[in-house]
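S.K.: My structure is stored as upload_23.cif, with mmCIF, C-alpha atoms and all ligand atoms.
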```
data_query
#
loop_
_atom_site.label_atom_id
_atom_site.label_comp_id
_atom_site.auth_asym_id
_atom_site.auth_seq_id
_atom_site.Cartn_x
_atom_site.Cartn_y
_atom_site.Cartn_z
CA MET A 1 2.39 -8.90 7.70
CA ASP A 2 3.82 -12.29 8.67
CA ASP A 3 6.11 -13.59 5.96
CA ASP A 4 5.36 -17.22 6.65
CA PRO A 5 3.56 -18.30 3.41
CA VAL A 6 0.90 -20.36 5.20
CA THR A 7 0.09 -17.57 7.64
CA ARG A 8 0.01 -15.04 4.84
CA ARG A 9 -2.37 -17.17 2.78
CA ASN A 10 -4.67 -17.51 5.78
CA THR A 11 -4.54 -13.73 6.35
CA ASP A 12 -5.37 -13.13 2.68
CA ASP A 13 -8.23 -15.63 2.86
CA ASP A 14 -9.57 -13.89 5.97
CA LEU A 15 -9.46 -10.55 4.18
CA VAL A 16 -11.25 -11.93 1.12
CA THR A 17 -13.96 -13.36 3.40
CA ARG A 18 -14.38 -10.02 5.14
CA LEU A 19 -14.46 -8.17 1.81
CA LYS A 20 -16.97 -10.57 0.28
CA ALA A 21 -19.28 -9.98 3.27
CA TYR A 22 -19.90 -6.50 1.84
CA GLU A 23 -21.42 -7.87 -1.38
CA GLY A 24 -25.09 -6.96 -1.51
CA ARG A 25 -24.83 -4.33 1.23
CA PRO A 26 -26.07 -0.80 0.52
CA ALA A 27 -23.70 2.01 -0.45
CA ALA A 28 -26.55 4.53 -0.77
CA VAL A 29 -30.17 4.28 0.30
CA ALA A 30 -33.00 6.43 -1.03
CA GLY A 31 -30.75 9.09 -2.51
CA THR A 32 -32.53 11.88 -4.34
CA GLY A 33 -31.43 13.98 -7.28
CA LYS A 34 -30.21 17.47 -6.47
CA ASP A 35 -32.20 18.82 -9.41
CA PRO A 36 -35.04 17.37 -11.39
CA VAL A 37 -34.13 16.35 -14.93
CA ASN A 38 -33.96 19.73 -16.68
CA ALA A 39 -33.37 21.35 -20.05
CA PRO A 40 -30.42 23.62 -19.06
CA MET A 41 -28.30 20.72 -17.79
CA ILE A 42 -29.19 18.71 -20.90
CA ARG A 43 -28.19 21.65 -23.09
CA HIS A 44 -24.85 22.15 -21.32
CA TRP A 45 -24.09 18.42 -21.56
CA CYS A 46 -24.84 18.38 -25.29
CA GLU A 47 -22.78 21.52 -25.89
CA ALA A 48 -19.83 20.08 -23.97
CA LEU A 49 -19.94 16.86 -25.99
CA GLY A 50 -20.91 18.45 -29.29
CA ASP A 51 -23.99 16.23 -29.41
CA THR A 52 -26.51 17.79 -31.78
CA ASN A 53 -29.04 14.94 -31.74
CA PRO A 54 -32.46 16.66 -32.14
CA ALA A 55 -34.00 14.26 -29.61
CA TYR A 56 -32.32 16.24 -26.83
CA SER A 57 -33.92 19.64 -27.57
CA GLY A 58 -37.34 21.08 -28.23
CA PRO A 59 -40.66 20.57 -26.49
CA ASP A 60 -40.46 16.74 -26.57
CA ALA A 61 -36.81 16.57 -25.50
CA VAL A 62 -35.46 13.57 -23.65
CA ALA A 63 -32.20 13.54 -21.71
CA PRO A 64 -29.20 11.85 -23.30
CA PRO A 65 -29.21 8.37 -21.73
CA THR A 66 -25.53 8.67 -20.76
CA MET A 67 -26.50 11.53 -18.39
CA LEU A 68 -27.93 8.90 -16.05
CA GLN A 69 -25.23 9.32 -13.43
CA ALA A 70 -25.27 13.12 -13.69
CA TRP A 71 -28.74 13.26 -12.14
CA THR A 72 -27.48 11.38 -9.07
CA MET A 73 -24.48 13.63 -8.46
CA GLY A 74 -24.28 16.35 -5.84
CA GLY A 75 -22.17 18.81 -7.82
CA LEU A 76 -19.32 20.80 -6.33
CA THR A 77 -21.16 21.47 -3.08
CA GLY A 78 -22.34 17.90 -2.62
CA HIS A 79 -25.90 17.32 -1.55
CA THR A 80 -25.78 19.73 1.37
CA GLY A 81 -27.51 23.07 1.47
CA GLY A 82 -30.25 22.26 -0.97
CA ASP A 83 -32.58 19.61 -2.19
CA GLY A 84 -31.40 16.09 -2.70
CA HIS A 85 -29.15 13.86 -0.64
CA THR A 86 -26.65 11.15 -1.37
CA GLY A 87 -28.27 8.54 0.81
CA ARG A 88 -24.72 7.42 1.50
CA ALA A 89 -24.66 4.35 3.72
CA PRO A 90 -21.68 3.43 5.95
CA ALA A 91 -20.94 0.06 4.37
CA TYR A 92 -19.10 1.50 1.37
CA ASP A 93 -16.84 3.69 3.51
CA GLU A 94 -16.17 0.72 5.79
CA LEU A 95 -15.22 -1.42 2.80
CA LEU A 96 -12.82 1.23 1.50
CA ALA A 97 -11.32 1.63 4.98
CA LEU A 98 -10.79 -2.12 5.22
CA LEU A 99 -9.00 -2.08 1.88
CA ASP A 100 -6.88 0.88 3.02
CA GLU A 101 -5.89 -1.04 6.16
CA SER A 102 -4.87 -4.04 4.06
CA GLY A 103 -2.45 -1.83 2.12
CA CYS A 104 -4.72 -1.18 -0.87
CA THR A 105 -4.46 2.57 -0.42
CA SER A 106 -4.60 3.59 -4.10
CA VAL A 107 -7.69 3.75 -6.22
CA VAL A 108 -8.41 3.98 -9.92
CA ALA A 109 -11.79 4.00 -11.64
CA THR A 110 -11.68 1.25 -14.26
CA ASP A 111 -15.00 1.24 -16.10
CA CYS A 112 -18.69 1.92 -15.97
CA GLU A 113 -21.67 0.22 -17.56
CA GLN A 114 -25.15 1.61 -17.89
CA GLU A 115 -28.52 0.11 -18.82
CA TYR A 116 -31.46 2.26 -19.84
CA LEU A 117 -35.05 1.15 -19.34
CA ARG A 118 -36.81 4.30 -20.40
CA PRO A 119 -35.78 7.85 -21.34
CA LEU A 120 -35.66 10.58 -18.73
CA ARG A 121 -37.50 13.81 -19.52
CA PRO A 122 -37.36 17.33 -18.08
CA GLY A 123 -39.40 17.36 -14.88
CA ASP A 124 -38.60 13.78 -13.87
CA GLU A 125 -37.47 13.60 -10.26
CA ILE A 126 -35.10 10.74 -9.68
CA THR A 127 -34.28 8.67 -6.64
CA PHE A 128 -31.51 6.13 -6.41
CA ASP A 129 -30.15 3.26 -4.37
CA THR A 130 -26.64 1.90 -4.65
CA ILE A 131 -25.44 -1.51 -3.57
CA ILE A 132 -21.99 -3.02 -3.41
CA GLU A 133 -22.58 -5.58 -6.11
CA SER A 134 -19.29 -7.45 -6.04
CA VAL A 135 -15.78 -7.51 -4.66
CA SER A 136 -13.36 -9.51 -6.76
CA ASP A 137 -10.75 -11.96 -5.59
CA ARG A 138 -7.30 -10.53 -5.22
CA LYS A 139 -6.01 -9.54 -8.66
CA THR A 140 -2.59 -8.53 -9.84
CA THR A 141 -2.43 -5.72 -12.37
CA LYS A 142 0.38 -3.57 -13.74
CA LEU A 143 -0.58 -0.91 -11.21
CA GLY A 144 -0.40 -3.28 -8.29
CA THR A 145 -2.33 -6.01 -6.52
CA GLY A 146 -5.81 -5.37 -5.21
CA TYR A 147 -9.53 -5.83 -5.53
CA PHE A 148 -12.11 -4.67 -8.04
CA VAL A 149 -15.17 -3.24 -6.31
CA THR A 150 -18.34 -2.87 -8.38
CA THR A 151 -21.27 -0.78 -7.21
CA ARG A 152 -24.67 -0.77 -8.93
CA THR A 153 -26.91 2.26 -8.73
CA ASP A 154 -30.57 1.76 -9.58
CA VAL A 155 -32.19 5.01 -10.71
CA ARG A 156 -35.95 5.38 -10.39
CA VAL A 157 -38.67 7.86 -11.18
CA GLY A 158 -41.45 7.15 -8.74
CA PRO A 159 -41.66 3.37 -8.48
CA ASP A 160 -40.24 2.78 -11.97
CA LEU A 161 -36.68 1.67 -12.55
CA VAL A 162 -35.40 3.87 -15.41
CA GLY A 163 -31.76 2.79 -15.54
CA THR A 164 -28.83 1.21 -13.77
CA HIS A 165 -25.29 2.46 -13.49
CA ARG A 166 -22.47 0.09 -12.62
CA PHE A 167 -19.22 1.64 -11.54
CA ARG A 168 -16.03 -0.31 -10.98
CA ILE A 169 -12.92 0.74 -9.14
CA LEU A 170 -9.66 -1.02 -8.42
CA LYS A 171 -8.40 -0.52 -4.88
CA TYR A 172 -4.79 -1.63 -4.91
CA ALA A 173 -1.42 -1.61 -3.23
CA PRO A 174 0.90 0.26 -5.60
CA VAL A 175 3.76 -1.79 -6.99
CA ARG A 176 6.91 -1.06 -5.07
CA ARG A 177 9.65 -0.71 -7.63
CA PRO A 178 12.83 -1.87 -5.96
CA SER A 179 15.87 0.18 -6.82
CA LYS A 180 18.22 -1.95 -8.84
CA PRO A 181 21.44 -2.77 -7.01
CA ASP A 182 23.59 -1.52 -9.91
CA LYS A 183 21.74 1.80 -9.91
CA PRO A 184 22.03 3.61 -6.57
CA ALA A 185 18.98 5.73 -5.73
CA ARG A 186 20.85 9.00 -5.44
CA THR A 187 22.28 9.18 -8.95
CA ARG A 188 21.08 11.83 -11.33
CA PRO A 189 18.62 10.80 -14.01
CA ARG A 190 20.42 9.92 -17.23
CA PRO A 191 19.71 11.81 -20.42
CA VAL A 192 17.73 9.92 -23.04
CA VAL A 193 20.20 9.61 -25.88
CA ASN A 194 18.74 8.89 -29.29
CA ARG A 195 19.84 9.19 -32.90
CA ASP A 196 18.68 12.82 -33.03
CA ASN A 197 20.79 13.99 -30.09
CA GLU A 198 23.63 11.48 -29.77
CA GLY A 199 26.07 13.94 -31.38
CA PHE A 200 25.29 16.47 -28.68
CA TRP A 201 25.97 14.05 -25.83
CA LYS A 202 29.10 12.68 -27.50
CA ALA A 203 30.51 16.22 -27.67
CA VAL A 204 29.49 16.97 -24.07
CA ALA A 205 31.48 13.93 -22.97
CA GLU A 206 34.45 15.63 -24.67
CA HIS A 207 33.63 18.92 -22.91
CA ARG A 208 32.33 20.67 -26.01
CA LEU A 209 28.86 22.22 -26.37
CA LEU A 210 27.68 21.88 -29.96
CA LEU A 211 24.73 23.78 -31.37
CA GLN A 212 22.98 22.62 -34.49
CA ARG A 213 22.99 24.97 -37.47
CA CYS A 214 20.60 24.63 -40.38
CA THR A 215 22.57 24.20 -43.61
CA ALA A 216 19.74 25.84 -45.57
CA CYS A 217 19.09 29.02 -43.58
CA ALA A 218 21.93 29.03 -41.00
CA THR A 219 19.51 29.28 -38.04
CA LEU A 220 21.04 27.90 -34.86
CA ARG A 221 18.91 25.63 -32.76
CA PHE A 222 18.87 24.00 -29.36
CA PRO A 223 17.96 21.39 -28.19
CA TRP A 224 18.97 19.11 -31.05
CA LEU A 225 16.12 18.27 -33.39
CA PRO A 226 15.85 16.45 -36.72
CA GLY A 227 14.70 19.53 -38.64
CA CYS A 228 14.86 23.32 -38.73
CA ALA A 229 11.94 25.02 -36.98
CA HIS A 230 12.61 28.17 -39.04
CA CYS A 231 12.63 26.79 -42.60
CA GLY A 232 11.85 23.09 -42.20
CA ALA A 233 15.03 21.86 -43.87
CA PRO A 234 16.48 18.61 -42.51
CA GLY A 235 20.16 19.34 -43.19
CA TRP A 236 22.42 20.58 -40.42
CA ASP A 237 25.97 20.99 -39.24
CA THR A 238 27.28 22.15 -35.88
CA VAL A 239 28.86 25.19 -34.27
CA GLU A 240 30.72 24.98 -31.00
CA ALA A 241 29.34 27.36 -28.40
CA GLY A 242 31.83 29.90 -27.03
CA GLY A 243 30.56 29.28 -23.53
CA THR A 244 29.35 32.72 -22.49
CA GLY A 245 25.75 33.60 -21.77
CA THR A 246 23.32 35.22 -19.38
CA VAL A 247 20.53 33.96 -17.15
CA TYR A 248 17.45 34.60 -19.24
CA SER A 249 15.08 33.24 -16.59
CA TYR A 250 15.12 30.82 -13.69
CA VAL A 251 12.99 28.98 -11.18
CA VAL A 252 13.89 27.77 -7.71
CA MET A 253 12.88 24.18 -7.16
CA HIS A 254 11.52 23.38 -3.71
CA HIS A 255 9.24 20.49 -4.58
CA PRO A 256 8.98 17.68 -5.50
CA PRO A 257 12.08 16.30 -3.83
CA PHE A 258 14.19 13.93 -5.89
CA PRO A 259 16.93 11.85 -4.28
CA ALA A 260 19.69 13.01 -6.63
CA PHE A 261 19.01 16.69 -5.93
CA ASP A 262 19.03 18.73 -2.79
CA PRO A 263 16.31 21.39 -2.88
CA PRO A 264 16.05 24.30 -2.94
CA TYR A 265 18.15 24.81 -6.06
CA ALA A 266 17.98 27.11 -9.06
CA VAL A 267 17.21 25.85 -12.56
CA ALA A 268 18.14 28.47 -15.12
CA LEU A 269 17.23 29.14 -18.70
CA VAL A 270 20.56 30.39 -20.02
CA GLU A 271 20.75 32.45 -23.19
CA LEU A 272 24.05 31.72 -24.91
CA ALA A 273 25.93 34.49 -26.68
CA GLU A 274 25.04 32.67 -29.95
CA GLY A 275 21.36 33.40 -29.20
CA VAL A 276 19.96 29.98 -28.33
CA ARG A 277 18.72 29.12 -24.86
CA MET A 278 19.24 26.02 -22.78
CA ILE A 279 18.10 24.79 -19.40
CA SER A 280 20.82 24.00 -16.92
CA ASN A 281 21.99 24.54 -13.38
CA VAL A 282 23.82 27.61 -12.13
CA ILE A 283 26.55 26.41 -9.82
CA GLY A 284 28.67 28.09 -7.21
CA THR A 285 25.99 30.68 -6.42
CA PRO A 286 23.35 30.25 -3.71
CA TYR A 287 19.91 29.52 -5.17
CA ASP A 288 18.53 32.81 -3.83
CA LYS A 289 21.31 34.87 -5.41
CA VAL A 290 20.61 33.80 -9.00
CA ARG A 291 19.15 36.71 -10.96
CA ILE A 292 17.87 37.36 -14.46
CA GLY A 293 20.59 38.98 -16.57
CA MET A 294 23.51 37.48 -14.62
CA PRO A 295 26.46 36.74 -16.89
CA VAL A 296 27.42 33.08 -16.76
CA ARG A 297 30.11 30.89 -18.27
CA LEU A 298 29.87 27.30 -19.40
CA GLU A 299 31.75 24.56 -17.68
CA PHE A 300 31.47 20.80 -17.58
CA GLN A 301 30.84 18.88 -14.40
CA THR A 302 31.04 15.15 -13.91
CA TYR A 303 28.35 13.60 -11.73
CA ASP A 304 28.11 10.09 -10.32
CA GLY A 305 31.48 9.17 -11.76
CA ASP A 306 30.63 9.21 -15.45
CA LEU A 307 27.81 11.62 -16.24
CA VAL A 308 29.17 14.79 -17.84
CA LEU A 309 26.75 17.72 -17.92
CA PRO A 310 27.08 21.28 -19.18
CA VAL A 311 26.43 23.69 -16.30
CA PHE A 312 26.95 27.41 -15.81
CA ARG A 313 28.90 29.37 -13.24
CA THR A 314 28.25 33.04 -12.62
CA ALA A 315 30.99 35.34 -13.86
CA GLU A 316 31.46 36.96 -10.41
CA GLU A 317 31.77 33.54 -8.86
CA GLU A 318 34.30 32.58 -11.51
CA ALA A 319 36.37 35.65 -10.67
CA LEU A 320 36.38 34.65 -7.02
CA ALA A 321 37.14 30.99 -7.69
ZN ZN A 401 16.58 26.45 -41.63
#
```
Using structure tokens, write down the structure from this file.
Ligand code: ZN
M.R.:
Amino acid sequence: MDDDPVTRRNTDDDLVTRLKAYEGRPAAVAGTGKDPVNAPMIRHWCEALGDTNPAYSGPDAVAPPTMLQAWTMGGLTGHTGGDGHTGRAPAYDELLALLDESGCTSVVATDCEQEYLRPLRPGDEITFDTIIESVSDRKTTKLGTGYFVTTRTDVRVGPDLVGTHRFRILKYAPVRRPSKPDKPARTRPRPVVNRDNEGFWKAVAEHRLLLQRCTACATLRFPWLPGCAHCGAPGWDTVEAGGTGTVYSYVVMHHPPFPAFDPPYAVALVELAEGVRMISNVIGTPYDKVRIGMPVRLEFQTYDGDLVLPVFRTAEEEALA
């Protein structure tokens, strides 16, 4: 996009004009319900929601009004291969494509409103038409900048309008979060240090791994927590870990990529000789050579200049080093 402000404003105005031209155009024409209104779907709906209203069962049952949209939906297989069709008209897809082209590639459903004119009953066969009711001006939200698109579906039985369903989405360009200049993109994520774990991180900075020990029942725990999971007592002191352990389990991370890491790499759950387990990296050993039961030894590595982390090196590797 041209960065000249006047040109950009004109381009935005052009887009708004083109978007607004879709207002009133059909998104679905003469759609039909895949199933008639029926007791089994009503029963499943009520069971799922725990709705025991007696109006929805028995010989004079009506459908819960909020099921209105359900009768217009094609289910997992869509409207193909059976009765009913979506009536989908091209205008809605064109509108979404136009928004995609303008950079509004993300979508979130924001709200829906329904109006009920008369109850639906088992046996009713519905038809529906959907129009693009409105496209908003460009709006800025926490998610990003974009346009609210509201569709209105009119649901009928025979010639009678029985309800309307308005559905609103926000099509938006996600906010690009610029990396802060004082925080290069490739640094490791920092631990969240709070009053419950600050003692742990303070000791790590001094190359000591401290485990919490309950002063009531002597149970060791890791990670640091404000209370004992065994007896519930809040009091604790610390024990310094000897530094030996074994790989209790591990995963190899391939995805998602994160700039500070270079996949694939192994993330291990290490069981310390004291009996507690902690998640860390196994270093010095290729990711595909890490195995359950491997003896490992604690060491401290400094990353990004100032971030000290406890990591584990395999005993064999240590012997070779
Ligand atoms: Zn305890």
S.K.: Counting all atoms listed in the file, which of A:Gly293, A:Pro264, A:Pro223, A:Gly235 gets nearest to ligand ZN 401 (chain A)?
M.R.: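 Answer, going by the shortest atom-to-atom distance: A:Gly235.
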S.K.: Please identify all protein, DNA and RNA residues within 12 Å of ligand ZN 401 (chain A), counting all atoms listed in the file, and report them as a list in words.
M.R.: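 Based on all atoms listed in the file, ligand ZN 401 (chain A) is surrounded within 12 Å by Gln212, Arg213, Cys214, Thr215, Ala216, Cys217, Ala218, Thr219, Leu220, Arg221, Leu225, Pro226, Gly227, Cys228, Ala229, His230, Cys231, Gly232, Ala233, Pro234, Gly235, Trp236 and Asp237 of chain A.
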S.K.: Rank nothing, just name the residue among A:Ile292, A:Glu299, A:Phe222, A:Pro122 nearest to A:Gly242, using all atoms listed in the file.
M.R.: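 Using all atoms listed in the file, A:Gly242 sits closest to A:Glu299.
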S.K.: With distances taken over all atoms listed in the file, which residue among A:Ile126, A:Val157, A:Ala273, A:Cys104 lies nearest A:Thr145?
M.R.: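 Result for the nearest residue to A:Thr145: A:Cys104.
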S.K.: Measuring between all atoms listed in the file, which one of A:Ala27, A:Arg195, A:Arg186, A:Thr66 shows the shortest distance to A:Pro259?
M.R.: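 Closest to A:Pro259 of all the choices is A:Arg186.
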S.K.: Closest to A:Leu15 among A:Arg188, A:Arg121, A:Arg138, A:His44, using all atoms listed in the file?
M.R.: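 With all atoms listed in the file as the atom set, the closest residue is A:Arg138.
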S.K.: Which residue out of A:Lys34, A:Lys289, A:Arg43, A:Arg25 has the minimum interatomic distance to A:Glu125 when all atoms listed in the file are used?
M.R.: A:Lys34
S.K.: Calculate how many Å separate atom CA of A:Leu19 from atom CA of A:Arg152, rounding to one decimal.
M.R.: 16.6 Å
S.K.: Could you give me, as a Markdown table, a per-residue list for stretch 129-235 of chain A showing, wherever an atom lies at most 12 Å from an atom of stretch 307-310 of chain A, the closest pair of atoms and their distance in Å to one decimal, using all atoms listed in the file and sorting by chain then residue number from low to high?
M.R.:
```
| residue | atom | partner | partner_atom | distance |
| --- | --- | --- | --- | --- |
| A:Thr187 | CA | A:Leu307 | CA | 9.5 |
| A:Arg188 | CA | A:Leu307 | CA | 8.3 |
| A:Pro189 | CA | A:Leu307 | CA | 9.5 |
| A:Arg190 | CA | A:Leu307 | CA | 7.6 |
| A:Pro191 | CA | A:Leu307 | CA | 9.1 |
| A:Phe200 | CA | A:Pro310 | CA | 10.8 |
| A:Trp201 | CA | A:Val308 | CA | 8.6 |
| A:Lys202 | CA | A:Val308 | CA | 9.9 |
| A:Ala203 | CA | A:Val308 | CA | 10.0 |
| A:Val204 | CA | A:Val308 | CA | 6.6 |
| A:Ala205 | CA | A:Val308 | CA | 5.7 |
| A:Glu206 | CA | A:Val308 | CA | 8.7 |
| A:His207 | CA | A:Pro310 | CA | 7.9 |
| A:Arg208 | CA | A:Pro310 | CA | 8.6 |
| A:Leu209 | CA | A:Pro310 | CA | 7.5 |
| A:Leu210 | CA | A:Pro310 | CA | 10.8 |
```
S.K.: With 9 Å as the threshold, what does the neighbourhood of (-8.1, 4.2, -4.2) contain in terms of residues, counting all atoms listed in the file? Coordinates are those of the file; answer as a PyMOL selection string.
M.R.: chain A and resi 96+99-100+104-109+169-173
S.K.: Just give me the gap between atom CA of A:Thr130 and atom CA of A:Ala39 in Å, one decimal is fine.
M.R.: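 Going from atom CA of A:Thr130 over to atom CA of A:Ala39, I get 25.7 Å.
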S.K.: Show me, as a tab-separated table, the residues of stretch 99-195 of chain A having an atom within 10 Å of stretch 88-91 of chain A, each with the closest atom pair and its distance in Å, using only C-alpha atoms.
M.R.:
```
residue	atom	partner	partner_atom	distance
A:Asp129	CA	A:Arg88	CA	9.0
A:Thr130	CA	A:Arg88	CA	8.5
A:Ile131	CA	A:Ala91	CA	9.3
A:Ile132	CA	A:Ala91	CA	8.4
```
S.K.: Show me the residues around (-24.1, 5.5, -15.1) - criterion: an atom at most 10 Å away, all atoms listed in the file counted - as a list in words.
M.R.: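 Nearby residues: Pro65, Thr66, Met67, Leu68, Gln69, Ala70, Trp71, Thr72, Cys112, Glu113, Gln114, Glu115, Tyr116, Arg152, Thr153, Asp154, Val155, Gly163, Thr164, His165, Arg166 and Phe167 of chain A.
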S.K.: Let me know the centre plus edge lengths, in Å and rounded to one decimal, of a box with edges along x, y and z that contains all listed atoms of stretch 143-154 of chain A and is padded by 3 Å on every side, as AutoDock Vina command-line options.
M.R.:
```
--center_x -15.5 --center_y -1.9 --center_z -8.2 --size_x 36.2 --size_y 14.3 --size_z 12.0
```
